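Novice: Following this line is data.txt, made up of compact mmCIF, C-alpha atoms:
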```
# COMPACT_ATOMS: atom_id res chain seq x y z
CA MET A 18 46.51 42.27 22.45
CA PRO A 19 46.98 41.47 18.73
CA GLN A 20 44.59 43.04 16.31
CA HIS A 21 42.68 40.67 14.03
CA ARG A 22 41.20 41.40 10.67
CA PHE A 23 37.92 39.58 10.15
CA ASN A 24 35.74 39.05 7.12
CA CYS A 25 32.91 36.74 6.08
CA GLU A 26 35.27 33.95 5.14
CA THR A 27 37.28 33.96 8.33
CA VAL A 28 37.43 30.59 10.05
CA TYR A 29 37.48 30.84 13.82
CA ASP A 30 37.67 27.27 14.81
CA ARG A 31 40.36 24.79 13.90
CA ASN A 32 37.61 22.37 13.02
CA PRO A 33 34.77 24.31 11.39
CA SER A 34 32.71 21.20 10.70
CA ARG A 35 32.74 20.45 14.40
CA ALA A 36 31.58 23.97 15.11
CA PHE A 37 28.65 23.40 12.77
CA ARG A 38 27.83 20.14 14.46
CA GLU A 39 27.77 21.77 17.86
CA GLY A 40 24.75 23.78 16.91
CA ASP A 41 23.75 26.62 14.69
CA TYR A 42 23.15 29.00 17.55
CA GLU A 43 26.44 28.40 19.30
CA PHE A 44 28.34 28.70 16.06
CA ALA A 45 26.69 31.95 15.11
CA ARG A 46 27.16 33.43 18.56
CA THR A 47 30.84 32.51 18.57
CA ARG A 48 31.41 34.22 15.28
CA PHE A 49 29.67 37.35 16.35
CA ARG A 50 31.45 37.74 19.66
CA ARG A 51 34.86 37.34 18.18
CA LYS A 52 34.26 39.72 15.36
CA ASN A 53 33.80 42.55 17.78
CA GLY A 54 36.00 41.35 20.55
CA HIS A 55 33.26 41.69 23.12
CA ARG A 56 29.63 40.89 23.73
CA LEU A 57 27.23 43.07 21.80
CA GLU A 58 24.00 44.36 23.14
CA ARG A 59 21.98 42.69 20.37
CA GLY A 60 24.19 39.63 20.19
CA TYR A 61 21.39 37.13 20.70
CA ASP A 62 19.21 38.62 17.96
CA VAL A 63 22.04 38.66 15.48
CA ALA A 64 23.06 35.14 16.43
CA THR A 65 19.49 33.98 15.91
CA HIS A 66 19.53 35.58 12.50
CA PHE A 67 22.72 33.72 11.59
CA ALA A 68 21.26 30.50 12.90
CA GLU A 69 18.19 30.90 10.71
CA VAL A 70 20.31 31.59 7.65
CA ILE A 71 22.49 28.55 8.28
CA LYS A 72 19.48 26.36 8.96
CA ALA A 73 17.80 27.48 5.74
CA ARG A 74 20.96 26.79 3.78
CA ARG A 75 21.19 23.28 5.20
CA ARG A 76 17.53 22.67 4.39
CA ASP A 77 17.99 23.87 0.81
CA GLU A 78 21.02 21.69 0.32
CA ARG A 79 19.39 18.51 1.58
CA PRO A 80 17.72 17.36 -1.70
CA ASN A 81 21.00 17.72 -3.57
CA ASN A 82 22.63 15.34 -1.13
CA SER A 83 20.16 12.52 -1.80
CA SER A 84 22.32 9.56 -2.63
CA ALA A 85 21.25 6.41 -4.42
CA SER A 86 21.31 4.54 -1.13
CA SER A 87 18.97 6.97 0.60
CA ILE A 88 16.55 6.78 -2.33
CA GLU A 89 16.60 3.00 -2.15
CA ARG A 90 16.14 3.11 1.62
CA ASP A 91 13.10 5.37 1.26
CA PHE A 92 11.71 3.19 -1.51
CA ARG A 93 12.06 -0.01 0.54
CA ARG A 94 10.42 1.60 3.52
CA TYR A 95 7.46 2.91 1.51
CA ALA A 96 7.11 -0.37 -0.39
CA ASP A 97 7.10 -2.41 2.83
CA LEU A 98 4.57 -0.13 4.50
CA TRP A 99 2.36 -0.20 1.40
CA TRP A 100 2.59 -3.99 1.30
CA GLN A 101 1.73 -4.32 4.97
CA GLU A 102 -1.22 -1.97 4.75
CA THR A 103 -2.80 -3.31 1.57
CA ARG A 104 -1.83 -6.93 1.04
CA ILE A 105 -4.99 -8.34 2.65
CA LEU A 106 -7.25 -5.91 0.81
CA SER A 107 -9.13 -6.56 -2.41
CA SER A 108 -9.80 -2.93 -3.24
CA ILE A 109 -7.74 -1.69 -6.16
CA HIS A 110 -8.59 1.85 -5.10
CA ALA A 111 -7.13 1.23 -1.65
CA LYS A 112 -3.94 -0.18 -3.14
CA ILE A 113 -3.16 2.51 -5.72
CA PHE A 114 -4.35 5.50 -3.69
CA ASN A 115 -2.45 4.43 -0.59
CA PRO A 116 -0.20 7.33 0.55
CA TYR A 117 2.99 5.24 0.46
CA TYR A 118 2.22 4.05 -3.08
CA GLN A 119 1.62 7.65 -4.08
CA ARG A 120 4.96 8.68 -2.56
CA ILE A 121 6.69 6.04 -4.65
CA ILE A 122 5.03 7.36 -7.80
CA GLY A 123 6.23 10.81 -6.74
CA MET A 124 9.83 9.56 -6.62
CA GLY A 125 9.68 9.27 -10.40
CA GLN A 126 11.93 7.51 -12.88
CA THR A 127 14.76 7.11 -10.36
CA VAL A 128 12.95 4.23 -8.68
CA LEU A 129 11.94 2.32 -11.82
CA PRO A 130 14.66 -0.35 -11.37
CA LEU A 131 13.51 -0.82 -7.77
CA ILE A 132 9.85 -1.15 -8.78
CA PHE A 133 10.72 -3.69 -11.46
CA SER A 134 12.78 -5.76 -9.04
CA GLU A 135 9.93 -5.63 -6.52
CA LEU A 136 7.46 -6.73 -9.20
CA ARG A 137 9.75 -9.60 -10.18
CA ASP A 138 10.53 -10.79 -6.65
CA ARG A 139 7.40 -10.11 -4.61
CA GLY A 140 4.70 -9.26 -7.15
CA GLY A 141 2.01 -6.76 -6.34
CA GLN A 142 -0.08 -4.16 -8.06
CA TRP A 143 2.78 -2.11 -9.50
CA TYR A 144 1.30 -1.68 -12.98
CA TRP A 145 -0.51 1.55 -12.20
CA ALA A 146 2.66 3.13 -10.75
CA LEU A 147 4.71 2.03 -13.75
CA GLU A 148 2.22 3.50 -16.19
CA CYS A 149 2.03 6.75 -14.20
CA ILE A 150 5.81 7.18 -14.14
CA LEU A 151 6.55 6.02 -17.68
CA GLY A 152 3.49 7.43 -19.42
CA GLU A 153 3.02 4.24 -21.38
CA ASN A 154 1.59 0.78 -20.85
CA PRO A 155 3.11 -2.04 -22.91
CA ALA A 156 0.72 -4.51 -21.20
CA ALA A 157 -2.43 -2.58 -22.14
CA ASN A 158 -3.88 -5.59 -23.95
CA ALA A 159 -2.85 -8.24 -21.41
CA GLU A 160 -5.76 -10.40 -20.28
CA THR A 161 -4.27 -11.96 -17.17
CA LEU A 162 -1.99 -10.88 -14.36
CA PRO A 163 0.83 -13.32 -15.26
CA GLU A 164 0.72 -12.05 -18.85
CA ALA A 165 0.90 -8.40 -17.72
CA LYS A 166 3.78 -9.23 -15.39
CA ARG A 167 5.70 -11.03 -18.14
CA ILE A 168 5.26 -8.14 -20.59
CA TRP A 169 6.37 -5.53 -18.05
CA LEU A 170 9.44 -7.54 -17.04
CA GLU A 171 10.38 -7.99 -20.70
CA TYR A 172 10.02 -4.23 -21.12
CA ALA A 173 12.28 -3.71 -18.10
CA GLY A 174 14.94 -5.94 -19.63
CA GLU A 175 14.77 -4.25 -23.02
CA HIS A 176 15.16 -0.81 -21.42
CA ASN A 177 17.93 -1.85 -19.02
CA TYR A 178 15.90 -1.34 -15.85
CA LEU A 179 16.72 -4.87 -14.73
CA MET B 16 1.59 -15.09 5.51
CA THR B 17 2.35 -16.89 8.72
CA GLU B 18 -0.27 -17.66 11.33
CA ALA B 19 1.31 -15.08 13.61
CA GLU B 20 1.06 -12.37 10.94
CA ILE B 21 -2.60 -13.19 10.34
CA GLU B 22 -3.36 -13.18 14.07
CA ALA B 23 -1.65 -9.81 14.40
CA ILE B 24 -4.12 -8.36 11.90
CA PHE B 25 -7.15 -10.28 13.20
CA PRO B 26 -6.64 -10.84 16.96
CA SER B 27 -9.99 -12.66 17.30
CA LEU B 28 -8.64 -15.47 15.12
CA ARG B 29 -6.49 -16.60 18.05
CA ALA B 30 -9.53 -18.62 19.06
CA GLY B 31 -8.86 -20.83 16.05
CA PHE B 32 -8.43 -20.78 12.29
CA ASP B 33 -6.67 -22.74 9.55
CA ILE B 34 -4.63 -21.64 6.57
CA THR B 35 -6.03 -23.59 3.64
CA SER B 36 -4.02 -22.33 0.64
CA PRO B 37 -0.75 -20.66 -0.31
CA THR B 38 -0.67 -16.97 -1.24
CA ASP B 39 -1.98 -16.16 -4.70
CA GLU B 40 -2.34 -12.71 -6.23
CA GLU B 41 -4.52 -13.86 -9.14
CA TYR B 42 -7.82 -14.09 -7.24
CA ASN B 43 -9.41 -12.33 -4.29
CA CYS B 44 -12.16 -12.76 -1.71
CA ILE B 45 -15.07 -12.17 -4.11
CA ALA B 46 -13.64 -14.61 -6.63
CA TRP B 47 -13.11 -17.17 -3.86
CA SER B 48 -16.67 -16.73 -2.62
CA ILE B 49 -17.94 -17.93 -6.01
CA ASN B 50 -15.16 -20.44 -6.56
CA ASP B 51 -13.30 -18.60 -9.35
CA VAL B 52 -9.55 -18.79 -8.74
CA ARG B 53 -8.50 -17.29 -12.08
CA GLN B 54 -9.61 -13.66 -11.77
CA TRP B 55 -9.69 -10.76 -9.32
CA TRP B 56 -13.32 -9.64 -8.97
CA TRP B 57 -13.53 -5.96 -8.00
CA PRO B 58 -14.79 -2.67 -9.46
CA THR B 59 -11.94 -0.80 -11.08
CA PRO B 60 -10.97 2.88 -10.98
CA HIS B 61 -12.08 4.71 -14.12
CA GLY B 62 -14.81 2.19 -14.82
CA GLN B 63 -14.37 0.49 -18.11
CA ARG B 64 -10.60 0.94 -18.33
CA LYS B 65 -8.98 -2.45 -18.81
CA TRP B 66 -7.06 -3.91 -15.86
CA PRO B 67 -5.23 -7.17 -16.51
CA GLY B 68 -6.58 -10.03 -14.45
CA LYS B 69 -9.40 -7.92 -13.02
CA TYR B 70 -13.04 -8.67 -13.66
CA TRP B 71 -16.30 -6.93 -12.88
CA PRO B 72 -19.57 -8.08 -14.45
CA PRO B 73 -20.84 -5.87 -17.26
CA GLY B 74 -23.89 -3.83 -16.34
CA VAL B 75 -22.88 -3.41 -12.69
CA ASP B 76 -21.64 0.00 -11.53
CA HIS B 77 -17.92 0.22 -10.78
CA GLU B 78 -18.57 1.20 -7.17
CA GLU B 79 -17.47 -0.29 -3.86
CA THR B 80 -21.04 -0.12 -2.59
CA LEU B 81 -23.28 -2.76 -1.05
CA LYS B 82 -25.78 -2.13 -3.84
CA ALA B 83 -23.23 -2.95 -6.55
CA PHE B 84 -21.92 -6.07 -4.79
CA THR B 85 -25.43 -7.30 -4.02
CA LYS B 86 -26.27 -6.94 -7.70
CA VAL B 87 -23.24 -9.02 -8.63
CA TYR B 88 -24.24 -11.85 -6.27
CA GLU B 89 -27.89 -11.66 -7.38
CA SER B 90 -26.73 -12.06 -10.98
CA LEU B 91 -25.12 -15.31 -9.84
CA GLY B 92 -28.29 -16.64 -8.20
CA PHE B 93 -27.79 -15.51 -4.59
CA LYS B 94 -30.65 -14.05 -2.56
CA LYS B 95 -30.53 -11.94 0.60
CA CYS B 96 -31.15 -13.72 3.89
CA ASP B 97 -30.66 -13.15 7.61
CA GLU B 98 -29.46 -16.50 8.91
CA ARG B 99 -25.71 -16.78 9.40
CA GLU B 100 -25.77 -20.45 10.25
CA PHE B 101 -25.10 -23.21 7.76
CA GLU B 102 -28.17 -24.52 5.94
CA ALA B 103 -28.04 -27.85 4.20
CA GLY B 104 -28.41 -27.48 0.45
CA TYR B 105 -27.32 -23.83 0.34
CA ASP B 106 -24.10 -21.93 -0.28
CA LYS B 107 -23.79 -18.74 1.72
CA ILE B 108 -21.73 -15.59 1.41
CA ALA B 109 -21.25 -12.68 3.83
CA ILE B 110 -20.39 -9.16 2.68
CA TYR B 111 -18.29 -6.93 4.96
CA ALA B 112 -18.27 -3.12 4.80
CA ASP B 113 -17.00 -0.17 6.80
CA SER B 114 -19.14 2.34 8.70
CA ILE B 115 -19.87 4.43 5.60
CA GLY B 116 -20.88 1.45 3.49
CA THR B 117 -17.71 0.84 1.49
CA VAL B 118 -17.45 -2.88 0.79
CA LEU B 119 -14.16 -4.35 1.96
CA HIS B 120 -14.47 -8.13 1.95
CA ALA B 121 -16.62 -11.22 1.45
CA ALA B 122 -16.51 -14.66 3.07
CA ARG B 123 -18.25 -17.88 2.03
CA TRP B 124 -19.68 -20.99 3.64
CA TRP B 125 -19.82 -23.89 1.29
CA ILE B 126 -20.53 -27.37 2.56
CA GLU B 127 -16.99 -28.52 1.74
CA ASP B 128 -15.51 -25.64 3.73
CA ASN B 129 -16.91 -26.88 7.07
CA GLY B 130 -17.02 -23.29 8.31
CA TRP B 131 -16.60 -19.80 6.93
CA SER B 132 -13.77 -19.37 4.46
CA SER B 133 -12.00 -16.19 3.32
CA LYS B 134 -9.33 -15.22 0.83
CA LEU B 135 -7.19 -12.49 2.41
CA GLY B 136 -6.47 -10.12 -0.46
CA GLU B 137 -3.32 -11.33 -2.24
CA GLU B 138 -2.53 -13.66 0.62
CA ASN B 139 -3.88 -17.03 1.79
CA ASP B 140 -7.30 -18.64 2.05
CA ILE B 141 -8.26 -19.29 5.64
CA ARG B 142 -11.08 -21.18 7.37
CA HIS B 143 -12.48 -19.29 10.35
CA HIS B 144 -15.10 -20.43 12.82
CA SER B 145 -17.17 -17.27 12.93
CA LEU B 146 -17.87 -14.22 10.79
CA GLU B 147 -17.02 -11.96 13.73
CA SER B 148 -13.47 -13.25 14.01
CA ILE B 149 -12.29 -11.18 11.03
CA GLU B 150 -14.38 -8.11 11.76
CA GLY B 151 -12.47 -4.97 12.69
CA ALA B 152 -10.40 -2.18 11.18
CA SER B 153 -9.41 -4.10 8.06
CA TYR B 154 -12.72 -5.56 6.92
CA GLY B 155 -15.34 -3.64 8.89
CA THR B 156 -18.42 -5.63 9.88
CA VAL B 157 -20.83 -8.03 8.20
CA VAL B 158 -23.59 -6.03 6.50
CA GLN B 159 -25.29 -8.63 4.32
CA ILE B 160 -25.74 -12.39 4.16
CA MET B 161 -26.83 -14.04 0.93
CA LYS B 162 -27.53 -17.64 0.00
CA ARG B 163 -27.93 -19.74 -3.13
CA ARG B 164 -29.46 -23.16 -3.34
CA ARG B 165 -26.82 -25.65 -4.32
CA ARG B 166 -27.67 -27.61 -7.42
CA GLN B 167 -27.87 -31.33 -6.85
CA ARG B 168 -26.03 -33.66 -9.15
CA GLY B 169 -28.01 -34.06 -12.38
CA GLU B 170 -30.19 -31.05 -11.59
CA LYS B 171 -30.45 -28.35 -14.29
```
Please go through the file and, once you have read it, give me the structure as structure tokens.
Specialist:
Amino acid sequence: MPQHRFNCETVYDRNPSRAFREGDYEFARTRFRRKNGHRLERGYDVATHFAEVIKARRRDERPNNSSASSIERDFRRYADLWWQETRILSSIHAKIFNPYYQRIIGMGQTVLPLIFSELRDRGGQWYWALECILGENPAANAETLPEAKRIWLEYAGEHNYL
Amino acid sequence: MTEAEIEAIFPSLRAGFDITSPTDEEYNCIAWSINDVRQWWWPTPHGQRKWPGKYWPPGVDHEETLKAFTKVYESLGFKKCDEREFEAGYDKIAIYADSIGTVLHAARWWIEDNGWSSKLGEENDIRHHSLESIEGASYGTVVQIMKRRRRQRGEK
């Protein structure tokens, strides 16, 4: 039987991505068995350890993989849910402290173009979110809602958000 | 909103209601109850901070409480009453609140409405045949009725 030299970088499967897809546990167990050429007494424990490491690495990498489309998808979902839950309410508190509205604020400057397009196309109480994210309020002296909307949309145009 | 969307939120309206206006985000239920379609009447977070298009009478606490809303209507000539039915010569309003007393909505009965009438947040005005038909998770229940004698033409 040929002797193999193994190290941490050794690839055991012709299609490593497929091995990952088939499950963290199976992948880890496969690696461990082959390294030693036979089943180890503590194989399951070690495999579980590998699985946890791989799972943690995937979890850590997830935010870095957020693409523009996934951000927009999340924004649309939160905006729709916020709209559905608050559109028949009068309470300003209920609108701006709604969990989905708060999530959108938490998404930060990335979603400013999406908020401005939502304000332009569907309206809504977006002024608080805009002020929270931007830290300024160009419509601070506006008397009416149409005036505030106009000023904010002009601001968006001047700063290339729309 | 479509009729189906409104009925999904208020199932009791299936018994009958009419949409009487397009959507409008400039005014709300309180404004509609006093016939002001230019402003959004509601207490604002952080009290005196300026909110464009929002109005709350000076001297009234910025709280979503029955006490604060009653004070607003009293300042406009309304008085508390118990009768829900239409009375000739009077305008009526009904205040809705949740189980802990947070005010959520108001409806009105003016003679020209021919029934109770509500503005649904940023959405449409509707005419509904009973106060109970919009009670539920969204608006809570009716906690106060108030009425104001309607001034006759030429009366000061």
Novice: Chain B near chain A within 9 Å: what's each residue's closest atom pair and its distance in Å to one decimal, counting only C-alpha atoms, ordered by chain then ascending residue number, as CSV?
Specialist:
```
residue,atom,partner,partner_atom,distance
B:Glu40,CA,A:Gly141,CA,7.4
B:Glu41,CA,A:Leu162,CA,6.5
B:Asn43,CA,A:Ser107,CA,6.1
B:Cys44,CA,A:Ser107,CA,6.9
B:Ile45,CA,A:Ser107,CA,8.3
B:Arg53,CA,A:Thr161,CA,8.5
B:Gln54,CA,A:Thr161,CA,7.8
B:Trp55,CA,A:Ser107,CA,8.1
B:Trp56,CA,A:Ser107,CA,8.4
B:Trp57,CA,A:Ser108,CA,6.8
B:Pro58,CA,A:Ile109,CA,7.8
B:Thr59,CA,A:Ile109,CA,6.5
B:Pro60,CA,A:His110,CA,6.4
B:Lys65,CA,A:Ala157,CA,7.3
B:Trp66,CA,A:Ala157,CA,7.9
B:Pro67,CA,A:Thr161,CA,4.9
B:Gly68,CA,A:Thr161,CA,4.1
B:Lys69,CA,A:Thr161,CA,7.7
B:Glu79,CA,A:Ser108,CA,8.1
B:Val118,CA,A:Ser108,CA,8.6
B:Leu119,CA,A:Ser108,CA,6.9
B:His120,CA,A:Ser107,CA,7.1
B:Lys134,CA,A:Ile105,CA,8.3
B:Leu135,CA,A:Ile105,CA,4.7
B:Gly136,CA,A:Ile105,CA,3.9
B:Glu137,CA,A:Arg104,CA,5.7
B:Glu138,CA,A:Ile105,CA,6.2
B:Asn139,CA,A:Ile105,CA,8.8
B:Ser153,CA,A:Leu106,CA,7.8
B:Tyr154,CA,A:Leu106,CA,8.2
```
Novice: Which is closer to B:Gly62 than all the others in B:His77, B:Arg142, B:Arg123, B:Arg29, using only C-alpha atoms?
Specialist: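 Once distances to B:Gly62 are computed over only C-alpha atoms, the minimum belongs to B:His77.
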Novice: Taking 5 positions as the minimum chain separation for residues in the same chain, which residues sit within 8 Å of stretch 145-151 of chain B when counting all atoms listed in the file? Answer as a list of chain:residue names.
Specialist: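 The contact residues come out as B:Phe25, B:Pro26, B:Ser27, B:Leu28, B:Ala109, B:Tyr111, B:Ala122, B:Gly130, B:Trp131, B:Thr156, B:Val157.
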Novice: Could you tell me, as a list in words, which residues have any atom at most 10 Å from (-23.6, -9.6, -6.9), counting all atoms listed in the file?
Specialist: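 I get Ile45, Trp71, Pro72, Val75, Leu81, Lys82, Ala83, Phe84, Thr85, Lys86, Val87, Tyr88, Glu89, Ser90, Leu91, Gly92, Phe93, Lys94 and Met161 of chain B for the residues within 10 Å of that point.
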Novice: Show me, as a list in words, the residues that have an atom within 8 Å of B:Gly116 when counting only C-alpha atoms, minus same-chain residues fewer than 3 positions from it.
Specialist: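 Returned residues: Thr80, Leu81, Ala112 and Asp113 of chain B.
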Novice: Under the rule that only C-alpha atoms are counted, which of B:Glu18, B:Asp76, B:Glu100, B:Asp140 is the nearest residue to B:Trp124?
Specialist: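 With only C-alpha atoms as the atom set, the closest residue is B:Glu100.
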